[in-house]
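Asks: Could you have a look at this structure, given as structure tokens, before my questions?
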Amino acid sequence: MRLGRSMKKKEREMEAIVESESQNQANTKPLFSLPSSGGPSVAGRFNGVSNLSHLQSPALIKLCSCFYFLCVHLHWLRLTKDLMEAVVIDAGSKLLKAGFAIPDQAPSMIIPTQMKIMNEDGSLPDSPSLQANNVDPVVRGFVKDWDAMEDLLHHVLYNGLGWEIGNEGQILFADPLLTPKAVREQLVQLMFETFNISGFYASEQAVLSLYAVGRISGCTVDIGHGKIDIAPVIEGAVQHVASRRLEIGGADLTKLFAQELAKSNPLLKLDLSEIERLKEQYACCAEDDLAYEKTLKSCQEEQHTLPDGQVISIKRERFTVGEALFQPSILGLETHGIVEQLVRIISTVSSENHRQLLENTVLCGGTVSMAGFEDRFQREASLCSSSVRPSLVKAPEYMPENLSMYSAWVGGAILAKVVFPQNQHITKADYDESGPSVVHRKCF
């Protein structure tokens with residue numbers, strides 16, 4: 001009898017404990033509340049310990065509480081991934097700019113796009129020249145070698161920016177002007193199927209360069225390593241019919257510089273990378289065409305000592321490089337100079353937009369940092385026949401230095417702060433449903 005009464009007493013005490021615990025949990029707000037994700041989840045069934053009051057075992061309550069907190073932790077990890085800053089990539093023919101979307105900072109990675117072929121042991125293959133071991137994933141702005149591009153992006157994302165396999169984030173790419181549809185589709189396919197990213201967006205470099213200086217309308221003159229793009233942009237949309245792409249760029253100016261140097265230094269033997277460095281150090285623009293003509297007759301000589309001790313002379317050739325942009329006949333091209341090209345392009349747009357395009361001209365690319373280039377551009381603009389003359393937009397003071405070298409990247413970082421939080425990008429679900437062609441519908 002005592003044992004029976006004792007057992008019943010224990011049962012009543014246990015029931016009282018469970019009832020008391022249930023009442024306490026019912027009156028207590030849950031520590032975490034999982035946001036709805038569009039459908040029921042395992043964690044959602046345990047949204048607050050108070051939902052466990054129907055269970056009659058404290059051990060089960062404890063077990064389910066632990067499971068609930070595990071679900072919360074997993075959800076927090078998913079949120080951390082979603083809140084991770086998007087990566088912005090601008091892959092040029094010479095340099096790749098990449099980094100997390102922080103608009104008031106320069107990209108954390110600026111590396112050569114060109115890659116080297118290596119043996120498995122890390123040595124270089126036997127070849128008649130060093131150039132034979134080089135691979136260019138991007139040629140004149142467009143991706144040409146997709147295997148090399150995949151290797152380059154893998155290095156950038158996982159080694160350079162610290163992504164972890166299985167925890168990939170979102171990417172915004174800067175597209176060159178007039179990128180073929182097939183190239184855009186192959187890029188988005190590479191991103192989702194090879195890198196398993198969670199979100200993708202792409203925008204044209206011209207639009208992004210304007211965003212970097214606080215404009216949505218204007219005209220960009222982008223002098224890249226392999227091309228020159230001149231693009232009028234109205235309300236964030238490139239006017240493709242009026243845009244112009246010239247198949248010349250910094251690489252062609254380097255070759256011109258090499259040819260001119262050879263005339264003054266016939267015994268000189270340098271590879272293009274060394275010529276490139278000399279061009280960046282010495283090339284400049286004359287004040288105008290008359291000043292350039294004077295350099296042909298008389299020009300002060302510069303002496304440069306090479307690492308091997310060889311001394312070379314640099315004369316008028318340093319002015320020839322910059323002059324070729326205003327007189328393309330120097331390169332053997334029958335076309336107008338860069339300022340005249342700009343004015344002619346804008347004249348094809350509706351006249352009501354001429355003023356806002358010309359008065360918001362933005363210079364981009366490494367070549368525009370050449371000594372004297374901006375002054376010469378302004379001087380040529382003041383002499384043009386247009387009633388409204390091109391006027392250059394200055395970068396805001398709070399922006400990074402040398403903005404013209406990576407303005408498209410900075411504009412991409414600004415745009416990434418809008419498209420990803422507002423879910424305007426391509427998601428994995430979008431890609432799975434529509435395939436690579438979704439890029440033309442969602443990225444414009």
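In the structure tokens, the first chain shown is A, the next is B, and so on; residue numbers restart at 1 for each chain, and ligands run from 1 in the order shown.
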If you count only C-alpha atoms, which residues fall within 7 Å of Glu301 in chain A, apart from same-chain ones fewer than 5 positions away, as a VMD selection string?

Replies: chain A and resid 313 to 315

Asks: With N, CA, C and O atoms kept, could you save the residues just selected as a compact mmCIF listing (two decimals), in the first residue's frame?

Replies:
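What landed in result_27.txt:
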# COMPACT_ATOMS: atom_id res chain seq x y z
N SER A 313 68.20 56.17 -74.88
CA SER A 313 67.71 57.56 -74.97
C SER A 313 66.24 57.54 -75.38
O SER A 313 65.82 56.75 -76.23
N ILE A 314 65.48 58.40 -74.75
CA ILE A 314 64.05 58.52 -75.04
C ILE A 314 63.79 59.96 -75.44
O ILE A 314 64.01 60.88 -74.65
N LYS A 315 63.31 60.14 -76.67
CA LYS A 315 63.11 61.49 -77.20
C LYS A 315 61.63 61.71 -77.51
O LYS A 315 60.77 61.57 -76.65

Asks: Between A:Leu152, A:Leu358, A:Cys299, A:Cys285, which has the minimum distance to Cys219 in chain A (counting only C-alpha atoms)?

Replies: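 Checking each candidate against Cys219 in chain A, we get A:Leu358 as the closest.
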
Asks: Would you please give, as an MDAnalysis selection string, all residues of range 159-218 of chain A that DSSP assigns to strand (DSSP E) based on the backbone?

Replies: chainID A and resid 170:175 199:204 218

Asks: Could you work out how far CA of Ala206 in chain A lies from CA of Leu325 in chain A, giving the answer in Å with one decimal?

Replies: 19.5 Å

Asks: Have a look at A:Lys94, A:Arg184, A:His155, A:Arg379 and name the one nearest to Tyr201 in chain A; count only C-alpha atoms.

Replies: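 Comparing A:Lys94, A:Arg184, A:His155, A:Arg379 against Tyr201 in chain A, the winner is A:Arg184.
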
Asks: Given the choices A:Ser93, A:Gln341, A:Asn133, A:Gln239, which gets closest to Ala251 in chain A if the distance is worked out from only C-alpha atoms?

Replies: A:Ser93

Asks: Could you give me the residues within range 168-317 of chain A that DSSP places in helix (DSSP H, G or I), as a PDB file with N, CA and C atoms, in the first residue's frame?

Replies:
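Result went into states-v6.pdb, see below:
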ATOM      1  N   LYS A 181      25.967  37.887 -76.671  1.00  0.00           N
ATOM      2  CA  LYS A 181      25.042  37.147 -75.805  1.00  0.00           C
ATOM      3  C   LYS A 181      25.627  35.812 -75.372  1.00  0.00           C
ATOM      4  N   ALA A 182      26.321  35.150 -76.283  1.00  0.00           N
ATOM      5  CA  ALA A 182      26.890  33.838 -75.962  1.00  0.00           C
ATOM      6  C   ALA A 182      27.908  33.929 -74.829  1.00  0.00           C
ATOM      7  N   VAL A 183      28.673  35.017 -74.791  1.00  0.00           N
ATOM      8  CA  VAL A 183      29.675  35.202 -73.734  1.00  0.00           C
ATOM      9  C   VAL A 183      28.986  35.421 -72.391  1.00  0.00           C
ATOM     10  N   ARG A 184      27.918  36.211 -72.377  1.00  0.00           N
ATOM     11  CA  ARG A 184      27.185  36.455 -71.120  1.00  0.00           C
ATOM     12  C   ARG A 184      26.576  35.152 -70.592  1.00  0.00           C
ATOM     13  N   GLU A 185      26.021  34.352 -71.500  1.00  0.00           N
ATOM     14  CA  GLU A 185      25.399  33.092 -71.083  1.00  0.00           C
ATOM     15  C   GLU A 185      26.442  32.114 -70.554  1.00  0.00           C
ATOM     16  N   GLN A 186      27.594  32.044 -71.209  1.00  0.00           N
ATOM     17  CA  GLN A 186      28.623  31.123 -70.741  1.00  0.00           C
ATOM     18  C   GLN A 186      29.170  31.548 -69.383  1.00  0.00           C
ATOM     19  N   LEU A 187      29.232  32.842 -69.143  1.00  0.00           N
ATOM     20  CA  LEU A 187      29.711  33.330 -67.849  1.00  0.00           C
ATOM     21  C   LEU A 187      28.746  32.962 -66.727  1.00  0.00           C
ATOM     22  N   VAL A 188      27.458  33.197 -66.929  1.00  0.00           N
ATOM     23  CA  VAL A 188      26.500  32.880 -65.869  1.00  0.00           C
ATOM     24  C   VAL A 188      26.423  31.370 -65.654  1.00  0.00           C
ATOM     25  N   GLN A 189      26.602  30.588 -66.718  1.00  0.00           N
ATOM     26  CA  GLN A 189      26.630  29.135 -66.578  1.00  0.00           C
ATOM     27  C   GLN A 189      27.837  28.696 -65.749  1.00  0.00           C
ATOM     28  N   LEU A 190      28.997  29.294 -66.022  1.00  0.00           N
ATOM     29  CA  LEU A 190      30.202  28.985 -65.253  1.00  0.00           C
ATOM     30  C   LEU A 190      30.007  29.313 -63.779  1.00  0.00           C
ATOM     31  N   MET A 191      29.381  30.436 -63.506  1.00  0.00           N
ATOM     32  CA  MET A 191      29.206  30.869 -62.118  1.00  0.00           C
ATOM     33  C   MET A 191      28.304  29.925 -61.321  1.00  0.00           C
ATOM     34  N   PHE A 192      27.181  29.527 -61.904  1.00  0.00           N
ATOM     35  CA  PHE A 192      26.228  28.698 -61.158  1.00  0.00           C
ATOM     36  C   PHE A 192      26.611  27.220 -61.164  1.00  0.00           C
ATOM     37  N   GLU A 193      27.119  26.717 -62.270  1.00  0.00           N
ATOM     38  CA  GLU A 193      27.355  25.280 -62.371  1.00  0.00           C
ATOM     39  C   GLU A 193      28.733  24.872 -61.875  1.00  0.00           C
ATOM     40  N   THR A 194      29.711  25.745 -61.999  1.00  0.00           N
ATOM     41  CA  THR A 194      31.069  25.400 -61.547  1.00  0.00           C
ATOM     42  C   THR A 194      31.352  25.949 -60.154  1.00  0.00           C
ATOM     43  N   GLN A 205      30.108  48.141 -68.136  1.00  0.00           N
ATOM     44  CA  GLN A 205      31.147  48.983 -67.551  1.00  0.00           C
ATOM     45  C   GLN A 205      30.829  50.466 -67.674  1.00  0.00           C
ATOM     46  N   ALA A 206      30.240  50.866 -68.797  1.00  0.00           N
ATOM     47  CA  ALA A 206      29.937  52.289 -69.003  1.00  0.00           C
ATOM     48  C   ALA A 206      28.973  52.807 -67.948  1.00  0.00           C
ATOM     49  N   VAL A 207      27.945  52.028 -67.654  1.00  0.00           N
ATOM     50  CA  VAL A 207      26.952  52.416 -66.642  1.00  0.00           C
ATOM     51  C   VAL A 207      27.616  52.483 -65.266  1.00  0.00           C
ATOM     52  N   LEU A 208      28.425  51.481 -64.962  1.00  0.00           N
ATOM     53  CA  LEU A 208      29.061  51.418 -63.643  1.00  0.00           C
ATOM     54  C   LEU A 208      30.047  52.563 -63.436  1.00  0.00           C
ATOM     55  N   SER A 209      30.777  52.938 -64.484  1.00  0.00           N
ATOM     56  CA  SER A 209      31.730  54.050 -64.359  1.00  0.00           C
ATOM     57  C   SER A 209      31.013  55.361 -64.064  1.00  0.00           C
ATOM     58  N   LEU A 210      29.817  55.532 -64.611  1.00  0.00           N
ATOM     59  CA  LEU A 210      29.027  56.724 -64.295  1.00  0.00           C
ATOM     60  C   LEU A 210      28.530  56.686 -62.859  1.00  0.00           C
ATOM     61  N   TYR A 211      28.084  55.518 -62.401  1.00  0.00           N
ATOM     62  CA  TYR A 211      27.653  55.390 -61.005  1.00  0.00           C
ATOM     63  C   TYR A 211      28.776  55.802 -60.053  1.00  0.00           C
ATOM     64  N   ALA A 212      30.017  55.481 -60.418  1.00  0.00           N
ATOM     65  CA  ALA A 212      31.161  55.760 -59.540  1.00  0.00           C
ATOM     66  C   ALA A 212      31.352  57.248 -59.292  1.00  0.00           C
ATOM     67  N   GLY A 250      45.684  50.234 -75.067  1.00  0.00           N
ATOM     68  CA  GLY A 250      46.999  50.407 -74.488  1.00  0.00           C
ATOM     69  C   GLY A 250      48.041  49.462 -75.058  1.00  0.00           C
ATOM     70  N   ALA A 251      47.635  48.229 -75.402  1.00  0.00           N
ATOM     71  CA  ALA A 251      48.580  47.263 -75.967  1.00  0.00           C
ATOM     72  C   ALA A 251      49.123  47.747 -77.306  1.00  0.00           C
ATOM     73  N   ASP A 252      48.263  48.354 -78.116  1.00  0.00           N
ATOM     74  CA  ASP A 252      48.693  48.875 -79.415  1.00  0.00           C
ATOM     75  C   ASP A 252      49.626  50.073 -79.244  1.00  0.00           C
ATOM     76  N   LEU A 253      49.373  50.876 -78.229  1.00  0.00           N
ATOM     77  CA  LEU A 253      50.261  52.012 -77.950  1.00  0.00           C
ATOM     78  C   LEU A 253      51.630  51.530 -77.471  1.00  0.00           C
ATOM     79  N   THR A 254      51.638  50.402 -76.746  1.00  0.00           N
ATOM     80  CA  THR A 254      52.915  49.834 -76.305  1.00  0.00           C
ATOM     81  C   THR A 254      53.750  49.380 -77.504  1.00  0.00           C
ATOM     82  N   LYS A 255      53.088  48.731 -78.450  1.00  0.00           N
ATOM     83  CA  LYS A 255      53.802  48.281 -79.657  1.00  0.00           C
ATOM     84  C   LYS A 255      54.316  49.479 -80.457  1.00  0.00           C
ATOM     85  N   LEU A 256      53.509  50.531 -80.509  1.00  0.00           N
ATOM     86  CA  LEU A 256      53.946  51.750 -81.200  1.00  0.00           C
ATOM     87  C   LEU A 256      55.180  52.335 -80.507  1.00  0.00           C
ATOM     88  N   PHE A 257      55.161  52.356 -79.186  1.00  0.00           N
ATOM     89  CA  PHE A 257      56.287  52.876 -78.416  1.00  0.00           C
ATOM     90  C   PHE A 257      57.545  52.046 -78.681  1.00  0.00           C
ATOM     91  N   ALA A 258      57.377  50.725 -78.782  1.00  0.00           N
ATOM     92  CA  ALA A 258      58.510  49.838 -79.064  1.00  0.00           C
ATOM     93  C   ALA A 258      59.106  50.143 -80.436  1.00  0.00           C
ATOM     94  N   GLN A 259      58.247  50.361 -81.414  1.00  0.00           N
ATOM     95  CA  GLN A 259      58.718  50.680 -82.765  1.00  0.00           C
ATOM     96  C   GLN A 259      59.487  51.998 -82.793  1.00  0.00           C
ATOM     97  N   GLU A 260      58.948  52.993 -82.088  1.00  0.00           N
ATOM     98  CA  GLU A 260      59.597  54.299 -82.069  1.00  0.00           C
ATOM     99  C   GLU A 260      60.919  54.262 -81.301  1.00  0.00           C
ATOM    100  N   LEU A 261      60.957  53.488 -80.214  1.00  0.00           N
ATOM    101  CA  LEU A 261      62.202  53.357 -79.451  1.00  0.00           C
ATOM    102  C   LEU A 261      63.288  52.696 -80.287  1.00  0.00           C
ATOM    103  N   ALA A 262      62.886  51.732 -81.103  1.00  0.00           N
ATOM    104  CA  ALA A 262      63.856  51.010 -81.935  1.00  0.00           C
ATOM    105  C   ALA A 262      64.542  51.942 -82.937  1.00  0.00           C
ATOM    106  N   LYS A 263      63.849  53.002 -83.337  1.00  0.00           N
ATOM    107  CA  LYS A 263      64.451  53.961 -84.271  1.00  0.00           C
ATOM    108  C   LYS A 263      65.582  54.735 -83.595  1.00  0.00           C
ATOM    109  N   SER A 264      65.391  55.089 -82.334  1.00  0.00           N
ATOM    110  CA  SER A 264      66.410  55.837 -81.595  1.00  0.00           C
ATOM    111  C   SER A 264      67.470  54.929 -80.997  1.00  0.00           C
ATOM    112  N   LEU A 272      57.964  42.961 -74.384  1.00  0.00           N
ATOM    113  CA  LEU A 272      56.881  43.940 -74.310  1.00  0.00           C
ATOM    114  C   LEU A 272      56.568  44.375 -72.881  1.00  0.00           C
ATOM    115  N   SER A 273      56.768  43.484 -71.919  1.00  0.00           N
ATOM    116  CA  SER A 273      56.487  43.866 -70.524  1.00  0.00           C
ATOM    117  C   SER A 273      57.429  44.980 -70.064  1.00  0.00           C
ATOM    118  N   GLU A 274      58.685  44.927 -70.507  1.00  0.00           N
ATOM    119  CA  GLU A 274      59.631  45.993 -70.151  1.00  0.00           C
ATOM    120  C   GLU A 274      59.306  47.288 -70.903  1.00  0.00           C
ATOM    121  N   ILE A 275      58.903  47.139 -72.168  1.00  0.00           N
ATOM    122  CA  ILE A 275      58.471  48.303 -72.944  1.00  0.00           C
ATOM    123  C   ILE A 275      57.255  48.949 -72.290  1.00  0.00           C
ATOM    124  N   GLU A 276      56.361  48.117 -71.786  1.00  0.00           N
ATOM    125  CA  GLU A 276      55.153  48.614 -71.107  1.00  0.00           C
ATOM    126  C   GLU A 276      55.519  49.489 -69.913  1.00  0.00           C
ATOM    127  N   ARG A 277      56.476  49.040 -69.138  1.00  0.00           N
ATOM    128  CA  ARG A 277      56.894  49.811 -67.962  1.00  0.00           C
ATOM    129  C   ARG A 277      57.515  51.146 -68.374  1.00  0.00           C
ATOM    130  N   LEU A 278      58.295  51.121 -69.439  1.00  0.00           N
ATOM    131  CA  LEU A 278      58.894  52.373 -69.927  1.00  0.00           C
ATOM    132  C   LEU A 278      57.811  53.325 -70.431  1.00  0.00           C
ATOM    133  N   LYS A 279      56.818  52.773 -71.105  1.00  0.00           N
ATOM    134  CA  LYS A 279      55.713  53.603 -71.607  1.00  0.00           C
ATOM    135  C   LYS A 279      54.978  54.268 -70.448  1.00  0.00           C
ATOM    136  N   GLU A 280      54.684  53.504 -69.415  1.00  0.00           N
ATOM    137  CA  GLU A 280      53.961  54.055 -68.272  1.00  0.00           C
ATOM    138  C   GLU A 280      54.773  55.135 -67.566  1.00  0.00           C
ATOM    139  N   GLN A 281      56.084  55.025 -67.623  1.00  0.00           N
ATOM    140  CA  GLN A 281      56.943  55.987 -66.939  1.00  0.00           C
ATOM    141  C   GLN A 281      57.156  57.268 -67.747  1.00  0.00           C
ATOM    142  N   TYR A 282      57.272  57.132 -69.080  1.00  0.00           N
ATOM    143  CA  TYR A 282      57.685  58.274 -69.890  1.00  0.00           C
ATOM    144  C   TYR A 282      56.624  58.826 -70.841  1.00  0.00           C
ATOM    145  N   ASP A 289      48.349  69.715 -81.360  1.00  0.00           N
ATOM    146  CA  ASP A 289      49.042  69.137 -82.505  1.00  0.00           C
ATOM    147  C   ASP A 289      50.241  69.976 -82.944  1.00  0.00           C
ATOM    148  N   LEU A 290      50.157  71.295 -82.766  1.00  0.00           N
ATOM    149  CA  LEU A 290      51.300  72.152 -83.117  1.00  0.00           C
ATOM    150  C   LEU A 290      52.491  71.871 -82.211  1.00  0.00           C
ATOM    151  N   ALA A 291      52.205  71.696 -80.921  1.00  0.00           N
ATOM    152  CA  ALA A 291      53.276  71.374 -79.977  1.00  0.00           C
ATOM    153  C   ALA A 291      53.892  70.028 -80.316  1.00  0.00           C
ATOM    154  N   TYR A 292      53.076  69.101 -80.765  1.00  0.00           N
ATOM    155  CA  TYR A 292      53.604  67.788 -81.161  1.00  0.00           C
ATOM    156  C   TYR A 292      54.517  67.910 -82.371  1.00  0.00           C
ATOM    157  N   GLU A 293      54.112  68.745 -83.349  1.00  0.00           N
ATOM    158  CA  GLU A 293      54.940  68.937 -84.548  1.00  0.00           C
ATOM    159  C   GLU A 293      56.315  69.482 -84.169  1.00  0.00           C
ATOM    160  N   LYS A 294      56.369  70.312 -83.157  1.00  0.00           N
ATOM    161  CA  LYS A 294      57.655  70.868 -82.721  1.00  0.00           C
ATOM    162  C   LYS A 294      58.556  69.787 -82.139  1.00  0.00           C
ATOM    163  N   THR A 295      57.951  68.804 -81.461  1.00  0.00           N
ATOM    164  CA  THR A 295      58.781  67.722 -80.885  1.00  0.00           C
ATOM    165  C   THR A 295      59.452  66.895 -81.974  1.00  0.00           C
ATOM    166  N   LEU A 296      58.846  66.871 -83.169  1.00  0.00           N
ATOM    167  CA  LEU A 296      59.453  66.103 -84.261  1.00  0.00           C
ATOM    168  C   LEU A 296      60.750  66.745 -84.729  1.00  0.00           C
ATOM    169  N   LYS A 297      60.821  68.053 -84.559  1.00  0.00           N
ATOM    170  CA  LYS A 297      62.016  68.780 -85.000  1.00  0.00           C
ATOM    171  C   LYS A 297      63.054  68.876 -83.896  1.00  0.00           C
ATOM    172  N   GLU A 317      59.521  59.989 -79.034  1.00  0.00           N
ATOM    173  CA  GLU A 317      58.617  58.827 -79.013  1.00  0.00           C
ATOM    174  C   GLU A 317      57.681  58.836 -77.814  1.00  0.00           C
TER     175      GLU A 317
END

Asks: Quick one, how far is CA of Val388 in chain A from CA of Glu359 in chain A?

Replies: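 Spanning CA of Val388 in chain A to CA of Glu359 in chain A is a straight-line distance of 7.9 Å.
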
Asks: Restricting the calculation to only C-alpha atoms: of A:Ala101, A:Ala242, A:Ala283, A:Ala231, which residue gets closest to Ser347 in chain A?

Replies: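 Among the listed residues, the smallest separation from Ser347 in chain A belongs to A:Ala242.
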